[in-house]
file structure15.csv (CSV, C-alpha atoms)
chain,number,residue,atom,x,y,z
N,189,MET,CA,17.9,0.3,-33.1
N,190,PRO,CA,16.7,2.2,-30.0
N,191,VAL,CA,19.5,3.6,-27.9
N,192,ARG,CA,19.3,3.5,-24.1
N,193,ARG,CA,20.3,6.5,-22.0
N,194,PHE,CA,23.3,6.2,-19.9
N,195,GLY,CA,22.8,5.4,-16.2
N,196,ARG,CA,24.8,4.8,-13.1
N,197,PRO,CA,26.7,1.5,-13.2
N,198,HIS,CA,25.3,-1.3,-11.1
N,199,ARG,CA,27.3,-2.3,-8.0
N,200,ASP,CA,27.9,-5.8,-9.4
N,201,ASP,CA,29.3,-4.2,-12.6
N,202,TRP,CA,31.8,-2.4,-10.5
N,203,LEU,CA,32.9,-5.6,-8.9
N,204,VAL,CA,33.2,-7.4,-12.2
N,205,ALA,CA,35.2,-4.6,-13.7
N,206,CYS,CA,37.5,-4.4,-10.7
N,207,ALA,CA,38.0,-8.1,-10.6
N,208,GLY,CA,38.8,-8.2,-14.3
N,209,LEU,CA,41.3,-5.3,-14.0
N,210,ALA,CA,43.0,-7.0,-11.0
N,211,GLY,CA,43.2,-10.3,-12.8
N,212,GLY,CA,44.6,-8.7,-16.0
N,213,LEU,CA,47.2,-6.8,-14.1
N,214,PHE,CA,48.3,-10.0,-12.4
N,215,LEU,CA,48.6,-11.9,-15.7
N,216,TRP,CA,50.4,-9.0,-17.3
N,217,SER,CA,52.9,-8.6,-14.4
N,218,PHE,CA,54.0,-12.2,-14.8
N,219,ASP,CA,53.9,-12.2,-18.7
N,220,LEU,CA,51.1,-14.7,-18.8
N,221,TYR,CA,49.8,-14.0,-22.3
N,222,ASN,CA,47.7,-16.3,-24.4
N,223,SER,CA,49.8,-15.5,-27.5
N,224,PRO,CA,52.5,-12.8,-26.9
N,225,LYS,CA,53.1,-10.8,-30.1
N,226,LEU,CA,54.8,-7.6,-28.9
N,227,ALA,CA,58.3,-6.9,-27.8
N,228,PRO,CA,58.9,-6.8,-24.1
N,229,GLU,CA,59.3,-3.1,-24.1
N,230,HIS,CA,55.8,-2.7,-25.8
N,231,ARG,CA,53.9,-5.3,-23.7
N,232,TRP,CA,52.3,-2.4,-21.7
N,233,LEU,CA,50.1,-1.7,-24.8
N,234,THR,CA,48.1,-4.8,-24.0
N,235,LEU,CA,46.7,-3.0,-20.9
N,236,LEU,CA,44.8,-0.6,-23.2
N,237,PRO,CA,42.3,-3.2,-24.4
N,238,LEU,CA,42.0,-4.4,-20.8
N,239,ALA,CA,41.1,-0.9,-19.7
N,240,ALA,CA,38.6,-0.5,-22.5
N,241,LEU,CA,36.9,-3.8,-21.6
N,242,CYS,CA,36.7,-2.8,-18.0
N,243,LEU,CA,35.0,0.5,-19.1
N,244,ALA,CA,32.6,-1.5,-21.3
N,245,VAL,CA,31.8,-3.8,-18.4
N,246,LEU,CA,30.7,-0.7,-16.3
N,247,GLY,CA,28.1,0.0,-19.0
N,248,ARG,CA,27.0,-3.6,-19.5
N,249,ARG,CA,23.5,-3.0,-18.1
N,250,THR,CA,22.9,0.7,-18.7
N,251,ALA,CA,24.9,1.7,-21.8
N,252,GLN,CA,24.1,-0.9,-24.4
N,253,PRO,CA,24.8,-1.0,-27.3
N,254,TRP,CA,27.7,1.4,-26.7
N,255,ALA,CA,29.4,-1.0,-24.3
N,256,LEU,CA,29.4,-3.7,-27.0
N,257,LEU,CA,30.6,-1.3,-29.7
N,258,LEU,CA,33.5,-0.4,-27.4
N,259,ALA,CA,34.3,-4.0,-26.5
N,260,ILE,CA,34.5,-5.3,-30.1
N,261,PRO,CA,37.5,-3.1,-31.3
N,262,ALA,CA,39.1,-3.6,-27.9
N,263,MET,CA,38.9,-7.3,-28.3
N,264,VAL,CA,40.4,-7.1,-31.8
N,265,ALA,CA,43.3,-5.0,-30.5
N,266,ASP,CA,43.9,-7.5,-27.7
N,267,GLN,CA,44.2,-10.3,-30.2
N,268,VAL,CA,46.5,-8.3,-32.4
N,269,MET,CA,48.9,-7.2,-29.6
N,270,GLY,CA,48.9,-10.4,-27.5
N,271,SER,CA,45.8,-11.6,-25.7
N,272,LEU,CA,45.2,-11.6,-21.9
N,273,LEU,CA,42.8,-14.2,-20.5
N,274,ALA,CA,41.2,-11.5,-18.3
N,275,THR,CA,40.4,-9.4,-21.4
N,276,LEU,CA,38.9,-12.3,-23.1
N,277,LEU,CA,36.6,-13.2,-20.2
N,278,LEU,CA,35.5,-9.5,-19.9
N,279,PHE,CA,34.5,-9.5,-23.6
N,280,THR,CA,32.4,-12.7,-23.1
N,281,ASP,CA,30.6,-10.9,-20.2
N,282,VAL,CA,29.8,-7.9,-22.4
N,283,VAL,CA,28.4,-10.1,-25.1
N,284,TYR,CA,26.3,-11.9,-22.6
N,285,ALA,CA,25.0,-8.7,-21.0
N,286,ALA,CA,24.2,-7.2,-24.5
N,287,VAL,CA,21.7,-9.9,-25.1
N,288,LEU,CA,20.3,-10.1,-21.6
N,289,TYR,CA,20.1,-6.4,-20.7
N,290,GLY,CA,20.1,-4.7,-24.1
N,291,SER,CA,17.1,-4.1,-26.2
N,292,ALA,CA,15.2,-7.0,-27.8
N,293,ARG,CA,16.4,-5.8,-31.2
N,294,LEU,CA,20.0,-5.8,-30.1
N,295,GLY,CA,19.6,-9.4,-28.9
N,296,ARG,CA,18.2,-10.4,-32.2
N,297,ILE,CA,21.3,-9.0,-33.9
N,298,VAL,CA,24.0,-10.2,-31.5
N,299,LEU,CA,23.1,-13.9,-31.5
N,300,PRO,CA,22.9,-14.4,-35.3
N,301,GLY,CA,25.9,-12.1,-35.7
N,302,SER,CA,27.9,-14.3,-33.3
N,303,VAL,CA,27.0,-17.5,-35.3
N,304,ILE,CA,28.0,-15.8,-38.6
N,305,PHE,CA,31.3,-14.6,-37.1
N,306,THR,CA,32.1,-18.1,-35.8
N,307,VAL,CA,31.3,-19.8,-39.1
N,308,ALA,CA,33.3,-17.2,-41.0
N,309,ALA,CA,36.3,-17.5,-38.6
N,310,THR,CA,36.3,-21.3,-38.8
N,311,VAL,CA,36.1,-21.4,-42.7
N,312,THR,CA,38.8,-18.8,-43.0
N,313,ALA,CA,41.1,-20.6,-40.6
N,314,VAL,CA,40.7,-23.9,-42.3
N,315,ALA,CA,41.1,-22.4,-45.7
N,316,THR,CA,44.2,-20.5,-44.6
N,317,PHE,CA,46.1,-23.1,-42.7
N,318,ARG,CA,44.6,-26.2,-44.4
N,319,ASP,CA,44.9,-28.1,-41.1
N,320,PRO,CA,42.1,-29.7,-39.1
N,321,LYS,CA,43.6,-28.2,-36.0
N,322,ALA,CA,42.4,-24.9,-37.3
N,323,LEU,CA,38.9,-26.0,-36.2
N,324,LEU,CA,40.0,-25.2,-32.7
N,325,LEU,CA,40.1,-21.5,-33.7
N,326,GLY,CA,36.5,-21.8,-34.7
N,327,ALA,CA,35.6,-23.5,-31.4
N,328,ILE,CA,37.4,-20.7,-29.5
N,329,ALA,CA,35.5,-18.1,-31.5
N,330,GLY,CA,32.2,-19.8,-30.7
N,331,GLY,CA,33.0,-20.0,-27.0
N,332,VAL,CA,33.8,-16.3,-26.9
N,333,THR,CA,30.8,-15.1,-28.9
N,334,VAL,CA,28.1,-17.7,-29.5
N,335,ALA,CA,28.1,-19.3,-26.0
N,336,PRO,CA,27.6,-16.1,-24.0
N,337,ALA,CA,25.1,-14.7,-26.5
N,338,TRP,CA,23.1,-18.0,-26.4
N,339,THR,CA,23.2,-18.0,-22.6
N,340,GLY,CA,22.0,-14.4,-22.4
N,341,ALA,CA,19.2,-15.3,-24.8
N,342,ILE,CA,18.1,-18.2,-22.7
N,343,LEU,CA,18.0,-16.2,-19.5
N,344,ARG,CA,16.2,-13.3,-21.2
N,345,ASN,CA,13.6,-15.7,-22.5
N,346,HIS,CA,13.1,-17.0,-19.0
N,347,LYS,CA,12.8,-13.4,-17.6
N,348,ASP,CA,10.2,-12.6,-20.3
N,349,GLN,CA,8.2,-15.7,-19.5
N,350,ALA,CA,8.4,-14.9,-15.8
N,351,ALA,CA,7.2,-11.3,-16.5
N,352,ALA,CA,4.4,-12.6,-18.6
N,353,GLU,CA,3.3,-15.1,-15.9
N,354,ARG,CA,3.5,-12.4,-13.3
N,355,LEU,CA,1.3,-10.1,-15.5
N,356,ARG,CA,-1.2,-13.0,-16.0
N,357,ALA,CA,-1.3,-13.6,-12.2
N,358,GLU,CA,-1.9,-9.9,-11.6
N,359,GLN,CA,-4.7,-9.9,-14.2
N,360,THR,CA,-6.2,-13.0,-12.6
N,361,ALA,CA,-6.0,-11.3,-9.1
N,362,LEU,CA,-7.7,-8.2,-10.6
N,363,LEU,CA,-10.5,-10.3,-12.1
N,364,ALA,CA,-10.9,-12.0,-8.7
N,365,GLU,CA,-11.0,-8.7,-6.9
N,366,MET,CA,-13.6,-7.4,-9.4
N,367,ASP,CA,-15.8,-10.5,-8.8
N,368,ARG,CA,-15.4,-10.1,-5.1
N,369,THR,CA,-16.4,-6.4,-5.3
N,370,GLN,CA,-19.4,-7.3,-7.4
N,371,ALA,CA,-20.4,-9.9,-4.8
N,372,ILE,CA,-20.0,-7.4,-2.0
N,373,ASN,CA,-22.0,-4.8,-3.9
N,374,ALA,CA,-24.8,-7.3,-4.5
N,375,GLU,CA,-24.8,-8.2,-0.8
N,376,ARG,CA,-24.9,-4.5,0.2
N,377,SER,CA,-27.9,-4.0,-2.1
N,378,ARG,CA,-29.7,-6.9,-0.5
N,379,MET,CA,-28.9,-5.6,3.0
N,380,ALA,CA,-30.2,-2.2,2.0
N,381,ARG,CA,-33.5,-3.7,0.8
N,382,GLU,CA,-33.8,-5.8,4.0
N,383,LEU,CA,-32.9,-2.8,6.2
N,384,HIS,CA,-35.5,-0.6,4.5
N,385,ASP,CA,-38.3,-3.2,4.6
N,386,VAL,CA,-37.7,-4.4,8.1
N,387,VAL,CA,-36.7,-1.3,10.1
N,388,ALA,CA,-37.6,1.8,8.1
N,389,ASN,CA,-41.3,0.9,8.0
N,390,HIS,CA,-41.4,0.6,11.7
N,391,LEU,CA,-39.8,4.0,12.2
N,392,SER,CA,-42.2,5.5,9.7
N,393,ALA,CA,-45.1,4.1,11.6
N,394,ILE,CA,-43.8,5.5,14.8
N,395,ALA,CA,-43.4,9.0,13.3
N,396,ILE,CA,-46.9,8.9,11.7
N,397,HIS,CA,-48.7,7.8,14.8
N,398,SER,CA,-46.8,10.3,17.0
N,399,THR,CA,-47.7,13.1,14.6
N,400,ALA,CA,-51.4,12.0,14.7
N,401,ALA,CA,-51.3,11.9,18.5
N,402,LEU,CA,-49.8,15.4,18.6
N,403,SER,CA,-52.7,16.7,16.6
N,404,LEU,CA,-55.2,15.8,19.4
N,405,GLN,CA,-56.3,18.8,21.4
N,406,ASP,CA,-57.0,17.0,24.6
N,407,ALA,CA,-53.4,15.7,25.1
N,408,GLY,CA,-51.7,16.9,28.2
N,409,THR,CA,-48.5,19.0,28.2
N,410,THR,CA,-46.3,16.1,29.4
N,411,THR,CA,-47.9,13.7,26.9
N,412,ARG,CA,-47.3,16.2,24.1
N,413,ASP,CA,-43.7,16.7,25.1
N,414,ALA,CA,-43.1,13.0,25.2
N,415,LEU,CA,-44.8,12.5,21.8
N,416,GLY,CA,-42.7,15.4,20.4
N,417,VAL,CA,-39.5,13.7,21.6
N,418,ILE,CA,-40.7,10.4,20.1
N,419,ARG,CA,-41.5,12.0,16.7
N,420,GLU,CA,-38.2,14.0,16.6
N,421,ASN,CA,-36.1,10.9,17.4
N,422,SER,CA,-38.1,8.7,14.9
N,423,VAL,CA,-37.6,11.3,12.1
N,424,GLN,CA,-33.9,11.6,13.0
N,425,GLY,CA,-33.7,7.8,12.9
N,426,LEU,CA,-35.4,7.7,9.5
N,427,ALA,CA,-32.9,10.2,8.2
N,428,GLU,CA,-30.0,8.2,9.5
N,429,MET,CA,-31.6,5.0,8.1
N,430,ARG,CA,-31.9,6.6,4.6
N,431,ARG,CA,-28.3,7.8,4.7
N,432,LEU,CA,-27.1,4.3,5.7
N,433,ILE,CA,-29.2,2.7,2.9
N,434,GLY,CA,-27.8,5.2,0.4
N,435,LEU,CA,-24.3,4.3,1.5
N,436,LEU,CA,-25.0,0.6,1.2
N,437,ARG,CA,-26.5,1.0,-2.3
N,438,ASP,CA,-23.9,3.4,-3.6
N,439,ALA,CA,-20.8,1.3,-2.8
N,440,GLU,CA,-18.6,3.2,-5.4
N,441,ALA,CA,-19.2,6.7,-4.0
N,442,ALA,CA,-15.9,8.6,-3.7
N,443,GLU,CA,-16.9,10.3,-0.5
N,444,GLU,CA,-19.5,10.1,2.2
N,445,SER,CA,-22.9,11.7,2.1
N,446,PRO,CA,-23.1,15.4,3.2
N,447,ALA,CA,-25.5,14.2,5.9
N,448,THR,CA,-22.7,12.3,7.7
N,449,PRO,CA,-22.8,13.2,11.4
N,450,SER,CA,-19.9,15.2,12.8
N,451,LEU,CA,-18.8,16.5,16.2
N,452,ASP,CA,-20.5,19.8,15.4
N,453,GLY,CA,-23.8,18.0,16.0
N,454,VAL,CA,-23.0,16.9,19.5
N,455,GLU,CA,-24.7,19.9,21.1
N,456,ALA,CA,-27.9,19.1,19.1
N,457,LEU,CA,-27.6,15.5,20.3
N,458,LEU,CA,-27.4,16.7,23.9
N,459,ASP,CA,-30.4,18.9,23.4
N,460,ARG,CA,-32.5,16.0,22.2
N,461,ALA,CA,-31.2,14.0,25.2
N,462,ARG,CA,-32.2,16.8,27.6
N,463,ALA,CA,-35.7,16.8,26.1
N,464,ALA,CA,-36.0,13.0,26.5
N,465,SER,CA,-34.5,12.7,29.9
N,466,ASP,CA,-36.0,12.9,33.4
N,467,GLY,CA,-33.6,14.1,36.0
N,468,LEU,CA,-30.4,13.9,34.0
N,469,GLU,CA,-28.3,17.1,33.5
N,470,PHE,CA,-26.1,17.0,30.4
N,471,THR,CA,-23.0,19.2,30.2
N,472,LEU,CA,-20.4,19.4,27.4
N,473,SER,CA,-16.8,20.4,27.6
N,474,ASP,CA,-15.3,20.8,24.2
N,475,GLU,CA,-11.5,21.6,24.3
N,476,ARG,CA,-10.7,20.9,20.6
N,477,GLU,CA,-10.3,24.7,20.0
N,478,GLY,CA,-11.9,24.4,16.5
N,479,THR,CA,-9.4,21.8,15.3
N,480,GLN,CA,-10.7,19.7,12.4
N,481,VAL,CA,-10.1,16.0,12.6
N,482,PRO,CA,-10.3,13.5,9.7
N,483,ALA,CA,-13.8,12.5,8.6
N,484,PRO,CA,-13.6,8.8,9.7
N,485,VAL,CA,-12.3,9.8,13.1
N,486,GLU,CA,-15.1,12.4,13.5
N,487,LEU,CA,-17.8,10.0,12.5
N,488,ALA,CA,-16.5,7.3,14.9
N,489,ALA,CA,-16.2,9.9,17.7
N,490,TYR,CA,-19.8,11.0,17.1
N,491,ARG,CA,-21.1,7.4,17.2
N,492,VAL,CA,-19.2,6.8,20.5
N,493,VAL,CA,-20.8,9.9,22.0
N,494,GLN,CA,-24.2,9.0,20.7
N,495,GLU,CA,-24.0,5.5,22.1
N,496,ALA,CA,-22.7,6.7,25.5
N,497,VAL,CA,-25.5,9.3,25.7
N,498,THR,CA,-28.1,6.7,24.7
N,499,ASN,CA,-26.9,4.3,27.4
N,500,ALA,CA,-27.1,7.1,30.0
N,501,LEU,CA,-30.7,7.7,29.0
N,502,LYS,CA,-31.4,4.0,29.4
N,503,HIS,CA,-29.5,3.1,32.6
N,504,ALA,CA,-28.2,6.2,34.5
N,505,SER,CA,-29.8,7.4,37.7
N,506,PRO,CA,-30.8,11.1,38.0
N,507,GLY,CA,-27.7,13.3,38.2
N,508,PRO,CA,-25.1,15.0,36.0
N,509,VAL,CA,-23.9,13.4,32.7
N,510,THR,CA,-20.7,15.0,31.6
N,511,LEU,CA,-19.1,14.8,28.1
N,512,GLY,CA,-15.5,15.9,27.4
N,513,LEU,CA,-13.8,16.2,24.1
N,514,ALA,CA,-10.1,17.1,23.9
N,515,LEU,CA,-7.0,16.7,21.7
N,516,THR,CA,-4.2,14.9,23.5
N,517,ASP,CA,-0.6,13.7,22.7
N,518,GLU,CA,0.2,17.1,21.0
N,519,GLY,CA,-2.8,16.9,18.8
N,520,ARG,CA,-2.2,13.4,17.6
N,521,ALA,CA,-5.3,11.9,19.3
N,522,LEU,CA,-8.9,12.8,20.1
N,523,ALA,CA,-10.0,11.9,23.7
N,524,ILE,CA,-13.6,11.3,24.6
N,525,HIS,CA,-14.7,11.1,28.2
N,526,VAL,CA,-18.4,10.4,29.2
N,527,THR,CA,-19.5,9.9,32.8
N,528,SER,CA,-23.0,9.2,34.2
N,529,PRO,CA,-24.4,8.4,37.6
N,530,LEU,CA,-24.2,4.6,38.4
N,531,ALA,CA,-27.2,3.4,40.4
N,532,GLY,CA,-29.7,0.7,39.9
N,533,HIS,CA,-33.3,1.2,39.0
N,534,ASP,CA,-35.9,-0.6,40.9
N,535,ASP,CA,-37.9,-1.2,37.7
N,536,GLY,CA,-34.8,-2.1,35.7
N,537,PRO,CA,-33.5,0.0,32.8
N,538,ARG,CA,-35.7,2.5,31.1
N,539,ALA,CA,-35.4,0.7,27.7
N,540,PRO,CA,-34.2,-2.8,26.9
N,541,GLY,CA,-30.7,-3.3,25.6
N,542,SER,CA,-28.8,-6.2,24.1
N,543,GLY,CA,-25.2,-5.0,24.6
N,544,ALA,CA,-24.7,-4.5,20.9
N,545,GLY,CA,-24.0,-0.8,21.4
N,546,LEU,CA,-20.9,-1.4,23.4
N,547,ILE,CA,-19.7,-4.0,20.9
N,548,GLY,CA,-20.3,-1.5,18.1
N,549,MET,CA,-18.4,1.2,19.9
N,550,ARG,CA,-15.4,-1.1,20.4
N,551,GLU,CA,-15.4,-2.2,16.8
N,552,ARG,CA,-15.4,1.4,15.6
N,553,VAL,CA,-12.6,2.4,17.9
N,554,GLU,CA,-10.4,-0.6,17.1
N,555,LEU,CA,-11.0,-0.1,13.4
N,556,LEU,CA,-9.2,3.2,13.8
N,557,ARG,CA,-6.5,1.7,16.0
N,558,GLY,CA,-7.8,3.5,19.1
N,559,THR,CA,-8.5,2.4,22.6
N,560,LEU,CA,-11.8,2.1,24.5
N,561,THR,CA,-12.5,1.5,28.2
N,562,THR,CA,-16.0,1.2,29.7
N,563,GLY,CA,-17.1,0.3,33.2
N,564,PRO,CA,-17.9,1.5,36.7
N,565,ALA,CA,-15.6,4.0,38.4
N,566,THR,CA,-15.5,6.3,41.4
N,567,ALA,CA,-15.7,10.0,40.9
N,568,ALA,CA,-13.6,12.5,42.8
N,569,ASP,CA,-16.4,13.1,45.3
N,570,GLY,CA,-16.7,9.3,46.0
N,571,ALA,CA,-19.9,8.8,43.9
N,572,LYS,CA,-20.2,5.7,41.8
N,573,ILE,CA,-20.3,6.5,38.1
N,574,TRP,CA,-20.3,4.7,34.7
N,575,GLU,CA,-17.3,5.9,32.7
N,576,VAL,CA,-16.6,5.7,29.0
N,577,ARG,CA,-13.1,6.6,27.8
N,578,ALA,CA,-12.1,6.5,24.1
N,579,VAL,CA,-8.9,7.6,22.4
N,580,LEU,CA,-8.9,7.9,18.6
N,581,PRO,CA,-5.7,8.6,16.7
N,582,VAL,CA,-6.0,11.7,14.6
N,583,ARG,CA,-2.6,11.4,12.9
N,584,GLU,CA,0.2,8.8,13.1
N,585,ARG,CA,3.5,9.5,15.0
N,586,ASP,CA,6.5,10.3,12.9
N,587,GLU,CA,8.3,7.0,13.8
N,588,GLU,CA,5.2,5.0,12.8
N,589,ARG,CA,5.1,6.6,9.5
N,590,GLU,CA,8.8,5.9,9.0
N,591,ARG,CA,8.3,2.3,10.0
N,592,ASP,CA,5.4,1.8,7.5
N,593,ARG,CA,7.4,3.1,4.6

call {"tool": "encode", "arguments": {"input": "structure15.csv", "output": "structure tokens"}}
result
Amino acid sequence: MPVRRFGRPHRDDWLVACAGLAGGLFLWSFDLYNSPKLAPEHRWLTLLPLAALCLAVLGRRTAQPWALLLAIPAMVADQVMGSLLATLLLFTDVVYAAVLYGSARLGRIVLPGSVIFTVAATVTAVATFRDPKALLLGAIAGGVTVAPAWTGAILRNHKDQAAAERLRAEQTALLAEMDRTQAINAERSRMARELHDVVANHLSAIAIHSTAALSLQDAGTTTRDALGVIRENSVQGLAEMRRLIGLLRDAEAAEESPATPSLDGVEALLDRARAASDGLEFTLSDEREGTQVPAPVELAAYRVVQEAVTNALKHASPGPVTLGLALTDEGRALAIHVTSPLAGHDDGPRAPGSGAGLIGMRERVELLRGTLTTGPATAADGAKIWEVRAVLPVRERDEERERDR
């Protein structure tokens, strides 16, 4: 049969062994034997089987079948020299543990072996003493061997059934997760088709018509500049749309597309904003010192900056628009600070808006457990400005990591 490697005794095994040893010493000190067979000066020998059973109990979980093989001769010696009740109880615990914690093959051997031993002991006792009272010996043998072995078998069967049910539940949950994933992928594919059909065609039409207008020779310089900005932004929007459609369709991709925007593209974003603005002066203060941040944080930061710049182009009055990027909290967080002049336009905003941009920014920041504040503020010189502040965690604090473990 397979033999398990020795392991450290369980805490409960130590308690059982110590309790058995204490009980055996108490019985021995008061000469409370089941059947004393040794002279008083040799009664100390009955402590040897007790010590052996205590040692076997320490290995009841981790050292089967060796614990049982040690317990059997110790039990025989105990019966020969004069039995202690504590030794008997420790033996029943070892038999019980052999079936419950031992290998399945060991359990299949111990239970039938206990029945055979009980029957043989009963027949032998009746044949030897020829007295019906000898049946009590068979009952004791069954109580010491068959009863604990049978109890261990019942509990082991329940444990195996529970493990099988748990495995079945895990498989069911896995199948449900697979169905959910398939449904999500199907919905992502549908969204990709709708996104392409509804939005991408409009951006393509804008890019085509602006290209055609740029080819006209009689267009003025200002008109050509405006058309160039329109074409550049529509082409950029098409690229972003294609990347998003690719991400929606390729739901199982291990990593994001190489075209994923990063903070290295903020300067290019500001260049496009300068070309499209009238009276706005964009400045960038990047104090990250070349430190790389995780890709999800970098993407969210870029989107926050992009939305803040877009809102400045739509709503800000002429003046300076400042953008600051810095690592704070000893490099654990990325701080974004965007300010723009706050003043109303007589004709309303330059482009219509629905407020979805601010909602999208907040959702991105909260998804990364960051903070976002937007609203009017007063600059150091007393001017009214619109301020956007975002703080994105770059890495968790040590105490948070310890708490999540």

call {"tool": "residues_around", "arguments": {"input": "structure15.csv", "residues": "Val303 (chain N)", "least_positions_apart": "2", "cutoff": "10 Å", "atoms": "all atoms listed in the file", "output": "VMD selection string"}}
result
chain N and resid 298 to 301 305 to 309 329 to 330 333 to 335 337 to 338

call {"tool": "atom_distance", "arguments": {"input": "structure15.csv", "atom1": "CA of Leu278 (chain N)", "atom2": "CA of Leu258 (chain N)"}}
result
12.0 Å

call {"tool": "closest_residue", "arguments": {"input": "structure15.csv", "among": "N:Leu451, N:Ala521, N:Leu513, N:Leu501", "to": "Leu487 (chain N)", "atoms": "all atoms listed in the file"}}
result
N:Leu451

call {"tool": "closest_residue", "arguments": {"input": "structure15.csv", "among": "N:Glu477, N:Gln424, N:Gly453, N:Gln267", "to": "Ser223 (chain N)", "atoms": "all atoms listed in the file"}}
result
N:Gln267

call {"tool": "atom_distance", "arguments": {"input": "structure15.csv", "atom1": "CA of Asp474 (chain N)", "atom2": "CA of Thr559 (chain N)"}}
result
19.7 Å

call {"tool": "residues_near_point", "arguments": {"input": "structure15.csv", "point": "(37.1, -0.9, -21.6)", "cutoff": "9 Å", "atoms": "only C-alpha atoms", "output": "number ranges by chain"}}
result
N: 205, 236-246, 255, 258-259, 262, 278

call {"tool": "write_last_selection", "arguments": {"input": "structure15.csv", "atoms": "C-alpha atoms", "output": "mmCIF file, keeping the file's coordinate frame"}}
result
data_model
loop_
_atom_site.group_PDB
_atom_site.id
_atom_site.type_symbol
_atom_site.label_atom_id
_atom_site.label_comp_id
_atom_site.auth_asym_id
_atom_site.auth_seq_id
_atom_site.Cartn_x
_atom_site.Cartn_y
_atom_site.Cartn_z
ATOM 1 C CA ALA N 205 35.200 -4.600 -13.700
ATOM 2 C CA LEU N 236 44.800 -0.600 -23.200
ATOM 3 C CA PRO N 237 42.300 -3.200 -24.400
ATOM 4 C CA LEU N 238 42.000 -4.400 -20.800
ATOM 5 C CA ALA N 239 41.100 -0.900 -19.700
ATOM 6 C CA ALA N 240 38.600 -0.500 -22.500
ATOM 7 C CA LEU N 241 36.900 -3.800 -21.600
ATOM 8 C CA CYS N 242 36.700 -2.800 -18.000
ATOM 9 C CA LEU N 243 35.000 0.500 -19.100
ATOM 10 C CA ALA N 244 32.600 -1.500 -21.300
ATOM 11 C CA VAL N 245 31.800 -3.800 -18.400
ATOM 12 C CA LEU N 246 30.700 -0.700 -16.300
ATOM 13 C CA ALA N 255 29.400 -1.000 -24.300
ATOM 14 C CA LEU N 258 33.500 -0.400 -27.400
ATOM 15 C CA ALA N 259 34.300 -4.000 -26.500
ATOM 16 C CA ALA N 262 39.100 -3.600 -27.900
ATOM 17 C CA LEU N 278 35.500 -9.500 -19.900
#

call {"tool": "closest_residue", "arguments": {"input": "structure15.csv", "among": "N:Arg231, N:Arg199, N:Lys572, N:Arg293", "to": "Gln252 (chain N)", "atoms": "only C-alpha atoms"}}
result
N:Arg293

call {"tool": "residues_around", "arguments": {"input": "structure15.csv", "residues": "Ala322 (chain N)", "least_positions_apart": "5", "cutoff": "10 Å", "atoms": "all atoms listed in the file", "output": "PDB file with C-alpha atoms, in the coordinates of the input"}}
result
ATOM      1  CA  ALA N 309      36.300 -17.500 -38.600  1.00  0.00           C
ATOM      2  CA  THR N 310      36.300 -21.300 -38.800  1.00  0.00           C
ATOM      3  CA  VAL N 311      36.100 -21.400 -42.700  1.00  0.00           C
ATOM      4  CA  THR N 312      38.800 -18.800 -43.000  1.00  0.00           C
ATOM      5  CA  ALA N 313      41.100 -20.600 -40.600  1.00  0.00           C
ATOM      6  CA  VAL N 314      40.700 -23.900 -42.300  1.00  0.00           C
ATOM      7  CA  ALA N 315      41.100 -22.400 -45.700  1.00  0.00           C
ATOM      8  CA  THR N 316      44.200 -20.500 -44.600  1.00  0.00           C
ATOM      9  CA  PHE N 317      46.100 -23.100 -42.700  1.00  0.00           C
ATOM     10  CA  ALA N 327      35.600 -23.500 -31.400  1.00  0.00           C
TER      11      ALA N 327
END

call {"tool": "atom_distance", "arguments": {"input": "structure15.csv", "atom1": "CA of Ser217 (chain N)", "atom2": "CA of Met263 (chain N)"}}
result
19.8 Å

call {"tool": "closest_residue", "arguments": {"input": "structure15.csv", "among": "N:Gly270, N:Gly290, N:Gly212, N:Pro336", "to": "Pro253 (chain N)", "atoms": "all atoms listed in the file"}}
result
N:Gly290

call {"tool": "closest_residue", "arguments": {"input": "structure15.csv", "among": "N:Thr339, N:Thr250, N:Asn345, N:Ser422", "to": "Ala292 (chain N)", "atoms": "all atoms listed in the file"}}
result
N:Asn345

call {"tool": "residues_around", "arguments": {"input": "structure15.csv", "residues": "region 506-511 of chain N", "least_positions_apart": "4", "cutoff": "12 Å", "atoms": "all atoms listed in the file", "output": "VMD selection string"}}
result
chain N and resid 454 to 455 457 to 458 461 to 462 465 to 475 489 to 490 492 to 494 496 to 502 523 to 533 567 571 to 578

call {"tool": "closest_residue", "arguments": {"input": "structure15.csv", "among": "N:Arg356, N:Arg318, N:Arg460, N:Arg520", "to": "Pro482 (chain N)", "atoms": "only C-alpha atoms"}}
result
N:Arg520
